[in-house]
Amino acid sequence: MAIQWFPGHMTRAKRQIQEKLKLIDIVIELLDARVPISSRNPMIDEILSGKPRLIILNKSDLADPRMNEQWKQYFEHEGHTCAIVDSNTGTGINQISVLTKEILKEKIDRQIAKGMRPRPARSLIVGIPNVGKSTLINRLAGRNVAITGDKPGVTKGQQWIKTGGDLELLDTPGILWPKFEDQMVGYRLAITGAIREQILNMDDIGYYAVKILVERYWDTLAERFGLTEPPTDLENNLEIVRIMEEIGRKRGCLISGGEVDLEKTAGIILRELRAGKLGRITLEAPYDDMPVREVKQ
Ligand code: G4P
């Protein structure tokens with residue numbers, strides 16, 4: 001991750017967001033649709049302390065469309081409003097101002113009842129690094145906005161960015177940290193590219209990527225890398241390593257003695273996965289009992 005999150009940084013980031021909450025009507029919480037839980041801040045409810053919120057599943061163009069819908073339902077079930085968005089192309093961003101108005105309807109109605117003309121809703125975008133905050137701000141603004149506040153601790157005069165609709169944005173998004181205590185969160189974020197690979201072992205990131213792909217997207221994986229032998233036991237780590245080795249051999253990742261270079265293999269798998277060459281992939285499911293795709297025998 002671009003930022004090293006030490007306890008002091010977290011406290012400061014939390015305080016900065018809480019300062020900004022006083023200025024705004026609604027929070028736009030950005031999650032990565034491929035890893036909606038791993039890209040979520042573990043203290044988000046506490047930090048936002050009841051402020052109206054819209055959850056955005058961003059990078060939805062890279063995620064499994066079926067899973068995007070499941071995740072949307074999951075968050076709705078939790079009592080949130082949720083939108084599926086691709087900030088790169090702007091797909092889905094029109095919903096943001098519409099849903100914001102719906103969420104703030106009572107407040108807006110009260111203003112109208114008092115004879116006041118409702119002003120545009122003021123919002124703050126929050127999310128972990130790399131989730132797409134700046135991209136979304138630029139999309140909503142319709143131009144490139146100079147966004148600062150890249151690091152916790154950077155403050156400057158707040159500016160309101162007009163979006164052309166009934167929504168204004170604070171120009172400095174709130175930067176949050178993910179749940180580092182959970183090792184799998186780290187690996188899933190590393191698979192998406194949100195965490196720098198150097199922090200974790202490349203072979204391990206590749207291993208977990210293959211494990212998830214084998215469990216959820218075996219057909220896609222097999223087709224991409226020409227794999228012929230499906231795993232017989234998903235719980236057996238050696239089976240995952242065997243598949244990684246098969247991929248490595250297919251791609252000529254060999255070291256002297258004919259052994260497979262697992263690090264190089266992991267690099268290829270991750271590059272192709274992130275570039276969407278394996279199609280749209282979601283790495284985590286909302287419910288533990290989500291059916292894992294059938295493994296062909
Ligand atoms: P941040 O402010 O939250 O840190 O994230 P930022 O907007 O900088 O976006 C991080 C990367 O994610 C950018 O790629 C951006 O183009 C990409 N991105 C943002 N939203 C979407 C989306 O909806 N779909 C897709 N496919 N990509 C999205 P980048 O400039 O190439 O940076 P990097 O990937 O090299 O770090």
# chains A, B, ... in the order shown; residues from 1 in each chain; ligands from 1

$ residues_near_ligand --ligand "ligand 1" --cutoff "7 Å" --atoms "only C-alpha atoms and all ligand atoms" --output "list in words"
Asn58, Lys59, Ser60, Asp61, Leu62, Val85, Asp86, Ser87, Asn88, Gly127, Ile128, Pro129, Asn130, Val131, Gly132, Lys133, Ser134, Thr135 and Leu136 of chain A

$ select_by_dssp --residues "range 45-294 of chain A" --states "helix (DSSP H, G or I)" --output "ChimeraX atom specification"
/A:45-48,65-77,94-103,105-113,133-141,183-192,197-199,202-216,218-225,237-250,262-274

$ closest_atom_pairs --of "range 136-227 of chain A" --to "range 235-254 of chain A" --cutoff "8 Å" --atoms "only C-alpha atoms" --output "JSON lines"
{"residue": "A:Tyr207", "atom": "CA", "partner": "A:Ile240", "partner_atom": "CA", "distance": 7.0}
{"residue": "A:Val210", "atom": "CA", "partner": "A:Ile240", "partner_atom": "CA", "distance": 6.8}
{"residue": "A:Lys211", "atom": "CA", "partner": "A:Ile240", "partner_atom": "CA", "distance": 6.0}
{"residue": "A:Val214", "atom": "CA", "partner": "A:Ile240", "partner_atom": "CA", "distance": 7.9}
{"residue": "A:Phe225", "atom": "CA", "partner": "A:Ile247", "partner_atom": "CA", "distance": 6.1}
{"residue": "A:Gly226", "atom": "CA", "partner": "A:Lys250", "partner_atom": "CA", "distance": 7.7}
{"residue": "A:Leu227", "atom": "CA", "partner": "A:Glu246", "partner_atom": "CA", "distance": 7.2}

$ residues_around --residues "Ile47 in chain A" --least-positions-apart "3" --cutoff "7 Å" --atoms "only C-alpha atoms" --output "number ranges by chain"
A: 14, 18, 43-44

$ closest_residue --among "A:Asp45, A:Glu78, A:Glu29, A:Asp182" --to "Leu57 in chain A" --atoms "only C-alpha atoms"
A:Glu29

$ atom_distance --atom1 "CA of Gly276 in chain A" --atom2 "CA of Asp203 in chain A"
20.1 Å

$ closest_residue --among "A:Arg117, A:His80, A:Arg271, A:Lys107" --to "Val27 in chain A" --atoms "only C-alpha atoms"
A:His80

$ residues_around --residues "Ile205 in chain A" --least-positions-apart "3" --cutoff "12 Å" --atoms "only C-alpha atoms" --output "short mmCIF file (atom, residue, chain, number, x, y, z; two decimals) with C-alpha atoms, in the first residue's frame"
data_model
loop_
_atom_site.label_atom_id
_atom_site.label_comp_id
_atom_site.auth_asym_id
_atom_site.auth_seq_id
_atom_site.Cartn_x
_atom_site.Cartn_y
_atom_site.Cartn_z
CA GLN A 183 -3.91 -12.03 6.49
CA MET A 184 -6.34 -13.08 3.76
CA VAL A 185 -7.43 -9.46 3.41
CA GLY A 186 -3.82 -8.58 2.65
CA TYR A 187 -3.54 -11.32 0.05
CA ARG A 188 -6.82 -10.46 -1.64
CA LEU A 189 -5.84 -6.80 -1.85
CA ALA A 190 -2.43 -7.77 -3.20
CA ILE A 191 -4.10 -9.92 -5.87
CA THR A 192 -6.07 -6.89 -7.05
CA GLY A 193 -2.91 -4.77 -7.02
CA ILE A 195 -1.11 -3.51 -2.00
CA ARG A 196 2.42 -3.41 -3.28
CA GLU A 197 3.71 -6.89 -3.96
CA GLN A 198 7.01 -6.24 -2.22
CA ILE A 199 5.22 -6.23 1.13
CA LEU A 200 4.07 -9.82 0.68
CA ASN A 201 5.73 -12.83 -0.85
CA MET A 202 4.97 -13.02 -4.58
CA TYR A 208 -3.86 -17.57 -3.11
CA ALA A 209 -4.89 -16.18 -6.50
CA VAL A 210 -4.76 -19.68 -7.98
CA LYS A 211 -6.56 -21.14 -4.97
CA ILE A 212 -9.44 -18.68 -5.36
CA MET A 244 0.58 -23.42 -10.40
CA LEU A 262 6.91 -20.15 -9.04
CA GLU A 263 7.66 -16.47 -8.55
CA LYS A 264 7.70 -15.80 -12.28
CA THR A 265 4.56 -17.93 -12.68
CA ALA A 266 2.81 -15.95 -9.96
CA GLY A 267 3.79 -12.72 -11.75
CA ILE A 268 2.22 -13.92 -15.01
CA ILE A 269 -0.99 -15.09 -13.33
CA LEU A 270 -1.40 -11.82 -11.42
CA ARG A 271 -0.65 -9.64 -14.43
#

$ residues_around --residues "Pro178 in chain A" --least-positions-apart "4" --cutoff "6 Å" --atoms "only C-alpha atoms" --output "list in words"
Ser39, Arg40 and Asn41 of chain A

$ write_last_selection --atoms "N, CA and C atoms" --output "PDB file, in the first residue's frame"
ATOM      1  N   SER A  39     -11.734  -4.613   0.949  1.00  0.00           N
ATOM      2  CA  SER A  39     -11.430  -3.205   0.675  1.00  0.00           C
ATOM      3  C   SER A  39     -12.210  -2.281   1.620  1.00  0.00           C
ATOM      4  N   ARG A  40     -12.799  -2.869   2.632  1.00  0.00           N
ATOM      5  CA  ARG A  40     -13.631  -2.092   3.557  1.00  0.00           C
ATOM      6  C   ARG A  40     -12.879  -1.804   4.839  1.00  0.00           C
ATOM      7  N   ASN A  41     -13.049  -0.616   5.343  1.00  0.00           N
ATOM      8  CA  ASN A  41     -12.399  -0.269   6.604  1.00  0.00           C
ATOM      9  C   ASN A  41     -13.122  -0.954   7.761  1.00  0.00           C
TER      10      ASN A  41
END
